[in-house]
file work-v6.pdb (PDB, C-alpha atoms)
MODEL        1
ATOM      1  CA  MET I   1      59.475 -12.794  20.587
ATOM      2  CA  PRO I   2      59.200 -12.009  16.860
ATOM      3  CA  LYS I   3      62.786 -10.726  16.755
ATOM      4  CA  GLU I   4      64.041 -13.962  18.277
ATOM      5  CA  LYS I   5      62.040 -16.012  15.788
ATOM      6  CA  LEU I   6      63.495 -14.006  12.912
ATOM      7  CA  LYS I   7      67.014 -14.555  14.224
ATOM      8  CA  LYS I   8      66.399 -18.282  14.566
ATOM      9  CA  GLY I   9      64.951 -18.362  11.063
ATOM     10  CA  GLU I  10      68.037 -16.674   9.657
ATOM     11  CA  VAL I  11      70.296 -19.165  11.427
ATOM     12  CA  THR I  12      68.287 -22.039   9.960
ATOM     13  CA  ARG I  13      68.350 -20.483   6.503
ATOM     14  CA  LEU I  14      72.126 -20.127   6.628
ATOM     15  CA  ALA I  15      72.469 -23.724   7.844
ATOM     16  CA  ILE I  16      70.448 -24.879   4.830
ATOM     17  CA  GLU I  17      72.643 -22.850   2.467
ATOM     18  CA  GLU I  18      75.847 -24.200   4.029
ATOM     19  CA  ALA I  19      74.571 -27.770   3.772
ATOM     20  CA  ALA I  20      73.593 -27.223   0.134
ATOM     21  CA  ILE I  21      77.006 -25.754  -0.724
ATOM     22  CA  GLU I  22      78.815 -28.754   0.750
ATOM     23  CA  LEU I  23      76.632 -31.281  -1.055
ATOM     24  CA  ILE I  24      76.636 -29.485  -4.404
ATOM     25  CA  ILE I  25      80.433 -29.151  -4.332
ATOM     26  CA  GLU I  26      80.799 -32.809  -3.309
ATOM     27  CA  GLN I  27      78.402 -34.434  -5.755
ATOM     28  CA  GLY I  28      77.002 -31.827  -8.162
ATOM     29  CA  TYR I  29      73.731 -29.937  -8.383
ATOM     30  CA  HIS I  30      71.522 -32.594  -9.986
ATOM     31  CA  ALA I  31      72.765 -35.362  -7.693
ATOM     32  CA  THR I  32      71.822 -33.321  -4.630
ATOM     33  CA  SER I  33      68.282 -33.692  -3.303
ATOM     34  CA  MET I  34      66.221 -31.593  -0.908
ATOM     35  CA  ARG I  35      66.133 -34.577   1.463
ATOM     36  CA  GLN I  36      69.942 -34.725   1.515
ATOM     37  CA  ILE I  37      70.167 -30.999   2.184
ATOM     38  CA  ALA I  38      67.658 -31.299   5.044
ATOM     39  CA  GLU I  39      69.582 -34.207   6.555
ATOM     40  CA  ARG I  40      72.931 -32.385   6.259
ATOM     41  CA  ALA I  41      71.365 -29.305   7.908
ATOM     42  CA  ASP I  42      69.886 -31.518  10.642
ATOM     43  CA  LEU I  43      66.312 -30.608   9.693
ATOM     44  CA  ALA I  44      63.158 -32.541   8.919
ATOM     45  CA  LEU I  45      62.383 -32.494   5.207
ATOM     46  CA  GLY I  46      59.241 -30.453   5.835
ATOM     47  CA  GLY I  47      61.244 -27.884   7.772
ATOM     48  CA  ILE I  48      63.371 -26.954   4.785
ATOM     49  CA  TYR I  49      60.263 -25.909   2.839
ATOM     50  CA  ASN I  50      59.492 -23.279   5.464
ATOM     51  CA  HIS I  51      62.487 -21.385   4.102
ATOM     52  CA  PHE I  52      62.849 -22.427   0.454
ATOM     53  CA  LYS I  53      60.289 -23.615  -2.087
ATOM     54  CA  SER I  54      62.774 -25.579  -4.174
ATOM     55  CA  LYS I  55      66.388 -26.635  -4.607
ATOM     56  CA  GLU I  56      66.822 -24.007  -7.304
ATOM     57  CA  GLU I  57      65.671 -21.306  -4.891
ATOM     58  CA  ILE I  58      68.326 -22.486  -2.432
ATOM     59  CA  PHE I  59      70.937 -22.332  -5.163
ATOM     60  CA  GLU I  60      69.946 -18.796  -6.148
ATOM     61  CA  ALA I  61      70.146 -17.725  -2.498
ATOM     62  CA  ILE I  62      73.633 -19.214  -2.274
ATOM     63  CA  ILE I  63      74.778 -17.339  -5.379
ATOM     64  CA  VAL I  64      73.581 -14.046  -3.868
ATOM     65  CA  ASP I  65      74.109 -14.532  -0.115
ATOM     66  CA  LYS I  66      77.509 -16.193  -0.340
ATOM     67  CA  HIS I  67      78.968 -13.863  -2.954
ATOM     68  CA  PRO I  68      82.346 -12.677  -1.645
ATOM     69  CA  TYR I  69      81.752  -9.067  -2.715
ATOM     70  CA  LYS I  70      80.937  -8.253   0.921
ATOM     71  CA  LYS I  71      84.576  -8.899   1.738
ATOM     72  CA  VAL I  72      85.968  -7.857  -1.627
ATOM     73  CA  LEU I  73      84.345  -4.418  -1.873
ATOM     74  CA  PRO I  74      86.088  -2.947   1.203
ATOM     75  CA  LEU I  75      89.359  -4.364  -0.120
ATOM     76  CA  ILE I  76      88.837  -2.636  -3.473
ATOM     77  CA  LEU I  77      87.960   0.627  -1.738
ATOM     78  CA  ALA I  78      91.061   0.343   0.435
ATOM     79  CA  ALA I  79      93.362  -0.474  -2.464
ATOM     80  CA  GLU I  80      96.067   2.159  -2.763
ATOM     81  CA  GLY I  81      97.970   3.529  -5.688
ATOM     82  CA  GLU I  82      98.981   6.913  -6.993
ATOM     83  CA  THR I  83      98.496   5.847 -10.604
ATOM     84  CA  MET I  84      95.743   3.874 -12.321
ATOM     85  CA  ASP I  85      98.200   1.029 -12.862
ATOM     86  CA  GLU I  86      98.963   0.812  -9.164
ATOM     87  CA  PHE I  87      95.342   1.114  -8.053
ATOM     88  CA  LEU I  88      93.824  -1.436 -10.443
ATOM     89  CA  GLY I  89      96.804  -3.731  -9.985
ATOM     90  CA  ASN I  90      96.468  -3.675  -6.206
ATOM     91  CA  ALA I  91      92.684  -4.040  -6.413
ATOM     92  CA  ALA I  92      92.993  -7.045  -8.727
ATOM     93  CA  ARG I  93      95.493  -8.742  -6.434
ATOM     94  CA  VAL I  94      93.401  -8.359  -3.273
ATOM     95  CA  VAL I  95      90.262  -9.578  -5.078
ATOM     96  CA  ILE I  96      92.009 -12.628  -6.549
ATOM     97  CA  ASN I  97      93.665 -13.462  -3.242
ATOM     98  CA  GLU I  98      90.273 -13.291  -1.508
ATOM     99  CA  LEU I  99      88.597 -15.470  -4.148
ATOM    100  CA  THR I 100      91.457 -17.948  -3.963
ATOM    101  CA  SER I 101      90.758 -18.313  -0.247
ATOM    102  CA  GLN I 102      87.127 -19.156  -1.108
ATOM    103  CA  PRO I 103      87.406 -21.436  -4.164
ATOM    104  CA  TYR I 104      83.932 -22.886  -3.592
ATOM    105  CA  TYR I 105      82.379 -19.762  -5.064
ATOM    106  CA  VAL I 106      84.071 -20.149  -8.442
ATOM    107  CA  LYS I 107      82.836 -23.749  -8.558
ATOM    108  CA  LEU I 108      79.296 -22.639  -7.760
ATOM    109  CA  LEU I 109      79.523 -19.989 -10.472
ATOM    110  CA  LEU I 110      80.559 -22.647 -12.996
ATOM    111  CA  ILE I 111      77.508 -24.709 -12.008
ATOM    112  CA  GLU I 112      75.353 -21.616 -12.422
ATOM    113  CA  ILE I 113      76.662 -21.136 -15.964
ATOM    114  CA  ALA I 114      76.589 -24.806 -16.980
ATOM    115  CA  GLU I 115      73.277 -25.825 -15.395
ATOM    116  CA  PHE I 116      71.249 -22.620 -15.557
ATOM    117  CA  ASN I 117      72.875 -20.687 -18.395
ATOM    118  CA  GLY I 118      73.408 -17.758 -16.042
ATOM    119  CA  ALA I 119      69.683 -17.456 -15.262
ATOM    120  CA  HIS I 120      70.314 -16.178 -11.731
ATOM    121  CA  GLY I 121      72.762 -13.544 -12.888
ATOM    122  CA  ALA I 122      70.115 -10.824 -12.733
ATOM    123  CA  SER I 123      69.594 -11.421  -9.013
ATOM    124  CA  LEU I 124      73.309 -11.288  -8.420
ATOM    125  CA  ILE I 125      73.815  -8.095 -10.445
ATOM    126  CA  LYS I 126      70.852  -6.480  -8.680
ATOM    127  CA  GLU I 127      72.537  -7.210  -5.377
ATOM    128  CA  ILE I 128      76.119  -6.198  -6.141
ATOM    129  CA  ALA I 129      75.983  -3.553  -8.894
ATOM    130  CA  PRO I 130      74.696  -0.696  -6.679
ATOM    131  CA  LYS I 131      77.619  -1.290  -4.329
ATOM    132  CA  ILE I 132      80.437  -1.890  -6.809
ATOM    133  CA  LEU I 133      79.528   0.273  -9.815
ATOM    134  CA  PRO I 134      80.073   3.571  -7.886
ATOM    135  CA  VAL I 135      83.714   2.547  -7.385
ATOM    136  CA  PHE I 136      84.219   2.426 -11.149
ATOM    137  CA  GLU I 137      82.153   5.581 -11.702
ATOM    138  CA  LYS I 138      84.529   7.386  -9.357
ATOM    139  CA  LEU I 139      87.522   6.005 -11.242
ATOM    140  CA  VAL I 140      86.191   7.270 -14.556
ATOM    141  CA  LYS I 141      85.512  10.721 -13.118
ATOM    142  CA  THR I 142      88.758  11.194 -11.225
ATOM    143  CA  ARG I 143      91.317   9.412 -13.404
ATOM    144  CA  LYS I 144      92.134  11.133 -16.658
ATOM    145  CA  ASP I 145      94.507   8.473 -18.014
ATOM    146  CA  LEU I 146      91.788   5.917 -18.808
ATOM    147  CA  ARG I 147      91.068   4.712 -22.327
ATOM    148  CA  VAL I 148      87.768   3.279 -21.070
ATOM    149  CA  THR I 149      85.317   5.987 -20.056
ATOM    150  CA  HIS I 150      82.167   3.918 -19.452
ATOM    151  CA  PRO I 151      81.937   2.746 -15.795
ATOM    152  CA  ALA I 152      79.896  -0.380 -16.575
ATOM    153  CA  ILE I 153      82.392  -1.487 -19.243
ATOM    154  CA  LEU I 154      85.298  -0.855 -16.883
ATOM    155  CA  MET I 155      83.600  -2.875 -14.136
ATOM    156  CA  ARG I 156      82.764  -5.717 -16.534
ATOM    157  CA  SER I 157      86.321  -5.859 -17.887
ATOM    158  CA  PHE I 158      87.738  -5.918 -14.358
ATOM    159  CA  ILE I 159      85.408  -8.747 -13.293
ATOM    160  CA  GLY I 160      86.223 -10.569 -16.532
ATOM    161  CA  MET I 161      89.942 -10.306 -15.899
ATOM    162  CA  VAL I 162      89.583 -11.647 -12.351
ATOM    163  CA  MET I 163      87.318 -14.523 -13.422
ATOM    164  CA  SER I 164      89.521 -15.505 -16.361
ATOM    165  CA  TYR I 165      92.530 -15.698 -14.052
ATOM    166  CA  MET I 166      90.613 -17.814 -11.545
ATOM    167  CA  LEU I 167      89.249 -20.186 -14.196
ATOM    168  CA  THR I 168      92.570 -20.710 -15.931
ATOM    169  CA  GLU I 169      94.182 -21.233 -12.529
ATOM    170  CA  ILE I 170      91.769 -24.119 -11.919
ATOM    171  CA  ILE I 171      92.299 -25.565 -15.404
ATOM    172  CA  ILE I 172      96.104 -25.591 -15.274
ATOM    173  CA  SER I 173      96.468 -26.433 -11.571
ATOM    174  CA  ASN I 174      97.432 -30.078 -12.139
ATOM    175  CA  SER I 175      99.163 -29.669 -15.474
ATOM    176  CA  ILE I 176     102.722 -29.176 -16.642
ATOM    177  CA  LEU I 177     101.754 -25.627 -17.646
ATOM    178  CA  ASN I 178     101.338 -24.750 -13.985
ATOM    179  CA  LYS I 179     104.949 -25.775 -13.348
ATOM    180  CA  LEU I 180     106.074 -23.432 -16.127
ATOM    181  CA  MET I 181     104.356 -20.419 -14.592
ATOM    182  CA  PRO I 182     106.704 -17.812 -13.083
ATOM    183  CA  LYS I 183     106.274 -16.844  -9.440
ATOM    184  CA  ASN I 184     104.917 -13.457 -10.497
ATOM    185  CA  ALA I 185     102.274 -14.917 -12.847
ATOM    186  CA  LEU I 186      99.508 -12.845 -11.241
ATOM    187  CA  ASP I 187     101.477  -9.620 -11.665
ATOM    188  CA  ALA I 188     102.098 -10.466 -15.325
ATOM    189  CA  TYR I 189      98.406 -11.231 -15.840
ATOM    190  CA  VAL I 190      97.347  -7.922 -14.327
ATOM    191  CA  ASP I 191      99.945  -6.121 -16.444
ATOM    192  CA  ILE I 192      98.482  -7.695 -19.615
ATOM    193  CA  TYR I 193      95.027  -6.505 -18.528
ATOM    194  CA  LEU I 194      96.296  -2.976 -18.032
ATOM    195  CA  HIS I 195      98.628  -2.679 -21.051
ATOM    196  CA  GLY I 196      97.918  -5.531 -23.478
ATOM    197  CA  ILE I 197     100.572  -7.791 -24.924
ATOM    198  CA  LEU I 198     102.156  -5.441 -27.449
ATOM    199  CA  LYS I 199     104.965  -3.073 -26.583
ATOM    200  CA  GLY I 200     104.149   0.596 -26.863
ATOM    201  CA  GLN I 201     105.359   2.604 -29.834
ATOM    202  CA  VAL I 202     108.684   4.296 -29.241
TER     203      VAL I 202
ENDMDL
END
call {"tool": "encode", "arguments": {"input": "work-v6.pdb", "output": "structure tokens"}}
result
Amino acid sequence: MPKEKLKKGEVTRLAIEEAAIELIIEQGYHATSMRQIAERADLALGGIYNHFKSKEEIFEAIIVDKHPYKKVLPLILAAEGETMDEFLGNAARVVINELTSQPYYVKLLLIEIAEFNGAHGASLIKEIAPKILPVFEKLVKTRKDLRVTHPAILMRSFIGMVMSYMLTEIIISNSILNKLMPKNALDAYVDIYLHGILKGQV
């Protein structure tokens, strides 16, 4: 049946993506070949080309299909808080905690930036923006205590804050700086995002 074939094809496609993720994380993008991906996915080399034309096409699919926004978006929507501080703070924490549980994605994103100069970003934005941007549009419309009134800027700054925390977490993980971090480092980071580093005028 056509439906069964489609389901089998999707399973195979996901197996190819999973195999590619493992290999790319283990040995890097350029060191990974289509033959290796096929072998890891338990496919004949010719079989992989029934689903993807090239290794780059597999990588782009991974960036889009494996993006954690599918789990993160409901968490953002469910984030509670009577004030903007509480809401964005809670949203940031749940997003960072989710990304921390899936560190492979940050590594793949770094490869995307280093190897492709962000070339697949358009595909990713096309996929996630329609689902996430409305959250920030609602914030701008309903919260009157915002200094930022452009939804796209607010969304970009939020993503930037999350990514900068994740990247610096990776960089300092094995350093003495990590040992100097307080237990509430994430809370302090979110607070800097919300209020800056200068004390307010009395």
call {"tool": "closest_atom_pairs", "arguments": {"input": "work-v6.pdb", "of": "segment 149-188 of chain I", "to": "segment 121-139 of chain I", "cutoff": "12 Å", "atoms": "only C-alpha atoms", "output": "CSV"}}
result
residue,atom,partner,partner_atom,distance
I:Thr149,CA,I:Glu137,CA,8.9
I:His150,CA,I:Glu137,CA,7.9
I:Pro151,CA,I:Glu137,CA,5.0
I:Ala152,CA,I:Leu133,CA,6.8
I:Ile153,CA,I:Phe136,CA,9.2
I:Leu154,CA,I:Phe136,CA,6.7
I:Met155,CA,I:Phe136,CA,6.1
I:Arg156,CA,I:Leu133,CA,9.6
I:Ser157,CA,I:Phe136,CA,10.9
I:Phe158,CA,I:Phe136,CA,9.6
I:Ile159,CA,I:Ile132,CA,10.7
call {"tool": "residues_around", "arguments": {"input": "work-v6.pdb", "residues": "Asp42 of chain I", "least_positions_apart": "4", "cutoff": "9 Å", "atoms": "only C-alpha atoms", "output": "JSON, numbers by chain"}}
result
{"I": [15, 16, 37, 38]}
call {"tool": "closest_residue", "arguments": {"input": "work-v6.pdb", "among": "I:Met34, I:Ile192, I:Ala119, I:Leu77", "to": "Ser54 of chain I", "atoms": "all atoms listed in the file"}}
result
I:Met34
call {"tool": "axis_aligned_box", "arguments": {"input": "work-v6.pdb", "around": "segment 21-38 of chain I", "padding_each_side": "6 Å", "output": "AutoDock Vina command-line options"}}
result
--center_x 73.5 --center_y -30.6 --center_z -2.5 --size_x 26.7 --size_y 21.6 --size_z 27.0
call {"tool": "resolve_selection", "arguments": {"input": "work-v6.pdb", "expression": "the PyMOL selection byres ((chain I and resi 62-64) around 10)", "output": "PDB file with C-alpha atoms, in the coordinates of the input"}}
result
ATOM      1  CA  LEU I  14      72.126 -20.127   6.628  1.00  0.00           C
ATOM      2  CA  ILE I  16      70.448 -24.879   4.830  1.00  0.00           C
ATOM      3  CA  GLU I  17      72.643 -22.850   2.467  1.00  0.00           C
ATOM      4  CA  GLU I  18      75.847 -24.200   4.029  1.00  0.00           C
ATOM      5  CA  ALA I  20      73.593 -27.223   0.134  1.00  0.00           C
ATOM      6  CA  ILE I  21      77.006 -25.754  -0.724  1.00  0.00           C
ATOM      7  CA  GLU I  56      66.822 -24.007  -7.304  1.00  0.00           C
ATOM      8  CA  GLU I  57      65.671 -21.306  -4.891  1.00  0.00           C
ATOM      9  CA  ILE I  58      68.326 -22.486  -2.432  1.00  0.00           C
ATOM     10  CA  PHE I  59      70.937 -22.332  -5.163  1.00  0.00           C
ATOM     11  CA  GLU I  60      69.946 -18.796  -6.148  1.00  0.00           C
ATOM     12  CA  ALA I  61      70.146 -17.725  -2.498  1.00  0.00           C
ATOM     13  CA  ASP I  65      74.109 -14.532  -0.115  1.00  0.00           C
ATOM     14  CA  LYS I  66      77.509 -16.193  -0.340  1.00  0.00           C
ATOM     15  CA  HIS I  67      78.968 -13.863  -2.954  1.00  0.00           C
ATOM     16  CA  PRO I  68      82.346 -12.677  -1.645  1.00  0.00           C
ATOM     17  CA  TYR I  69      81.752  -9.067  -2.715  1.00  0.00           C
ATOM     18  CA  TYR I 105      82.379 -19.762  -5.064  1.00  0.00           C
ATOM     19  CA  LEU I 108      79.296 -22.639  -7.760  1.00  0.00           C
ATOM     20  CA  LEU I 109      79.523 -19.989 -10.472  1.00  0.00           C
ATOM     21  CA  GLU I 112      75.353 -21.616 -12.422  1.00  0.00           C
ATOM     22  CA  HIS I 120      70.314 -16.178 -11.731  1.00  0.00           C
ATOM     23  CA  GLY I 121      72.762 -13.544 -12.888  1.00  0.00           C
ATOM     24  CA  SER I 123      69.594 -11.421  -9.013  1.00  0.00           C
ATOM     25  CA  LEU I 124      73.309 -11.288  -8.420  1.00  0.00           C
ATOM     26  CA  ILE I 125      73.815  -8.095 -10.445  1.00  0.00           C
ATOM     27  CA  LYS I 126      70.852  -6.480  -8.680  1.00  0.00           C
ATOM     28  CA  GLU I 127      72.537  -7.210  -5.377  1.00  0.00           C
ATOM     29  CA  ILE I 128      76.119  -6.198  -6.141  1.00  0.00           C
TER      30      ILE I 128
END
call {"tool": "atom_distance", "arguments": {"input": "work-v6.pdb", "atom1": "atom CA of Glu10 of chain I", "atom2": "atom CA of Ile48 of chain I"}}
result
12.3 Å
call {"tool": "atom_distance", "arguments": {"input": "work-v6.pdb", "atom1": "atom CA of Glu86 of chain I", "atom2": "atom CA of Ile171 of chain I"}}
result
27.9 Å
call {"tool": "closest_residue", "arguments": {"input": "work-v6.pdb", "among": "I:Met84, I:Ala41, I:Val140, I:Leu75", "to": "Asp191 of chain I", "atoms": "only C-alpha atoms"}}
result
I:Met84
call {"tool": "residues_around", "arguments": {"input": "work-v6.pdb", "residues": "Thr32 of chain I", "least_positions_apart": "5", "cutoff": "10 Å", "atoms": "all atoms listed in the file", "output": "PyMOL selection string"}}
result
chain I and resi 20-27+37+55
call {"tool": "atom_distance", "arguments": {"input": "work-v6.pdb", "atom1": "atom CA of Met181 of chain I", "atom2": "atom CA of Lys107 of chain I"}}
result
22.6 Å
call {"tool": "resolve_selection", "arguments": {"input": "work-v6.pdb", "expression": "the PyMOL selection byres ((chain I and resi 162) around 9)", "output": "MDAnalysis selection string"}}
result
chainID I and resid 92:93 95:96 157:161 163:167 190
call {"tool": "closest_residue", "arguments": {"input": "work-v6.pdb", "among": "I:Ala79, I:Ile111, I:Thr12, I:Leu88", "to": "Phe52 of chain I", "atoms": "only C-alpha atoms"}}
result
I:Thr12
call {"tool": "closest_residue", "arguments": {"input": "work-v6.pdb", "among": "I:Ala19, I:Arg13, I:Ala78, I:Leu180", "to": "Gly47 of chain I", "atoms": "all atoms listed in the file"}}
result
I:Arg13
call {"tool": "build_atoms", "arguments": {"input": "work-v6.pdb", "residues": "segment 114-125 of chain I", "atoms": "all heavy atoms", "output": "mmCIF file, keeping the file's coordinate frame"}}
result
data_model
loop_
_atom_site.group_PDB
_atom_site.id
_atom_site.type_symbol
_atom_site.label_atom_id
_atom_site.label_comp_id
_atom_site.auth_asym_id
_atom_site.auth_seq_id
_atom_site.Cartn_x
_atom_site.Cartn_y
_atom_site.Cartn_z
ATOM 1 N N ALA I 114 76.812 -23.549 -16.266
ATOM 2 C CA ALA I 114 76.589 -24.806 -16.980
ATOM 3 C C ALA I 114 75.162 -25.323 -16.838
ATOM 4 O O ALA I 114 74.561 -25.788 -17.819
ATOM 5 C CB ALA I 114 77.572 -25.870 -16.474
ATOM 6 N N GLU I 115 74.588 -25.234 -15.649
ATOM 7 C CA GLU I 115 73.277 -25.825 -15.395
ATOM 8 C C GLU I 115 72.113 -24.871 -15.657
ATOM 9 O O GLU I 115 71.024 -25.302 -16.024
ATOM 10 C CB GLU I 115 73.197 -26.320 -13.940
ATOM 11 C CG GLU I 115 74.254 -27.338 -13.560
ATOM 12 C CD GLU I 115 74.070 -28.671 -14.257
ATOM 13 O OE1 GLU I 115 72.995 -28.900 -14.845
ATOM 14 O OE2 GLU I 115 75.006 -29.479 -14.229
ATOM 15 N N PHE I 116 72.342 -23.576 -15.455
ATOM 16 C CA PHE I 116 71.249 -22.620 -15.557
ATOM 17 C C PHE I 116 71.461 -21.551 -16.621
ATOM 18 O O PHE I 116 70.649 -20.642 -16.766
ATOM 19 C CB PHE I 116 71.021 -21.936 -14.198
ATOM 20 C CG PHE I 116 70.641 -22.887 -13.110
ATOM 21 C CD1 PHE I 116 71.579 -23.315 -12.183
ATOM 22 C CD2 PHE I 116 69.352 -23.370 -13.013
ATOM 23 C CE1 PHE I 116 71.249 -24.202 -11.180
ATOM 24 C CE2 PHE I 116 68.996 -24.255 -12.007
ATOM 25 C CZ PHE I 116 69.948 -24.676 -11.089
ATOM 26 N N ASN I 117 72.576 -21.657 -17.348
ATOM 27 C CA ASN I 117 72.875 -20.687 -18.395
ATOM 28 C C ASN I 117 72.862 -19.254 -17.861
ATOM 29 O O ASN I 117 72.434 -18.323 -18.538
ATOM 30 C CB ASN I 117 71.878 -20.832 -19.563
ATOM 31 C CG ASN I 117 72.384 -20.188 -20.835
ATOM 32 O OD1 ASN I 117 73.591 -20.102 -21.057
ATOM 33 N ND2 ASN I 117 71.478 -19.719 -21.670
ATOM 34 N N GLY I 118 73.326 -19.090 -16.640
ATOM 35 C CA GLY I 118 73.408 -17.758 -16.042
ATOM 36 C C GLY I 118 72.080 -17.149 -15.661
ATOM 37 O O GLY I 118 71.980 -15.933 -15.468
ATOM 38 N N ALA I 119 71.034 -17.973 -15.505
ATOM 39 C CA ALA I 119 69.683 -17.456 -15.262
ATOM 40 C C ALA I 119 69.559 -16.631 -13.983
ATOM 41 O O ALA I 119 68.712 -15.741 -13.892
ATOM 42 C CB ALA I 119 68.678 -18.614 -15.219
ATOM 43 N N HIS I 120 70.407 -16.897 -12.995
ATOM 44 C CA HIS I 120 70.314 -16.178 -11.731
ATOM 45 C C HIS I 120 71.236 -14.964 -11.692
ATOM 46 O O HIS I 120 71.357 -14.300 -10.664
ATOM 47 C CB HIS I 120 70.637 -17.116 -10.571
ATOM 48 C CG HIS I 120 69.778 -18.345 -10.544
ATOM 49 N ND1 HIS I 120 70.291 -19.609 -10.686
ATOM 50 C CD2 HIS I 120 68.435 -18.490 -10.453
ATOM 51 C CE1 HIS I 120 69.305 -20.493 -10.645
ATOM 52 N NE2 HIS I 120 68.169 -19.847 -10.514
ATOM 53 N N GLY I 121 71.855 -14.681 -12.823
ATOM 54 C CA GLY I 121 72.762 -13.544 -12.888
ATOM 55 C C GLY I 121 72.095 -12.223 -12.575
ATOM 56 O O GLY I 121 72.690 -11.344 -11.944
ATOM 57 N N ALA I 122 70.834 -12.080 -12.973
ATOM 58 C CA ALA I 122 70.115 -10.824 -12.733
ATOM 59 C C ALA I 122 69.984 -10.543 -11.243
ATOM 60 O O ALA I 122 70.142 -9.402 -10.795
ATOM 61 C CB ALA I 122 68.733 -10.867 -13.388
ATOM 62 N N SER I 123 69.710 -11.587 -10.471
ATOM 63 C CA SER I 123 69.594 -11.421 -9.013
ATOM 64 C C SER I 123 70.925 -11.000 -8.414
ATOM 65 O O SER I 123 70.987 -10.144 -7.525
ATOM 66 C CB SER I 123 69.133 -12.729 -8.367
ATOM 67 O OG SER I 123 67.857 -13.091 -8.836
ATOM 68 N N LEU I 124 71.978 -11.604 -8.916
ATOM 69 C CA LEU I 124 73.309 -11.288 -8.420
ATOM 70 C C LEU I 124 73.696 -9.850 -8.759
ATOM 71 O O LEU I 124 74.163 -9.103 -7.898
ATOM 72 C CB LEU I 124 74.327 -12.259 -9.011
ATOM 73 C CG LEU I 124 75.786 -12.048 -8.624
ATOM 74 C CD1 LEU I 124 75.961 -12.164 -7.123
ATOM 75 C CD2 LEU I 124 76.667 -13.048 -9.341
ATOM 76 N N ILE I 125 73.479 -9.451 -10.015
ATOM 77 C CA ILE I 125 73.815 -8.095 -10.445
ATOM 78 C C ILE I 125 72.992 -7.062 -9.676
ATOM 79 O O ILE I 125 73.504 -6.006 -9.276
ATOM 80 C CB ILE I 125 73.575 -7.934 -11.963
ATOM 81 C CG1 ILE I 125 74.526 -8.842 -12.746
ATOM 82 C CG2 ILE I 125 73.754 -6.483 -12.389
ATOM 83 C CD1 ILE I 125 75.994 -8.568 -12.504
#
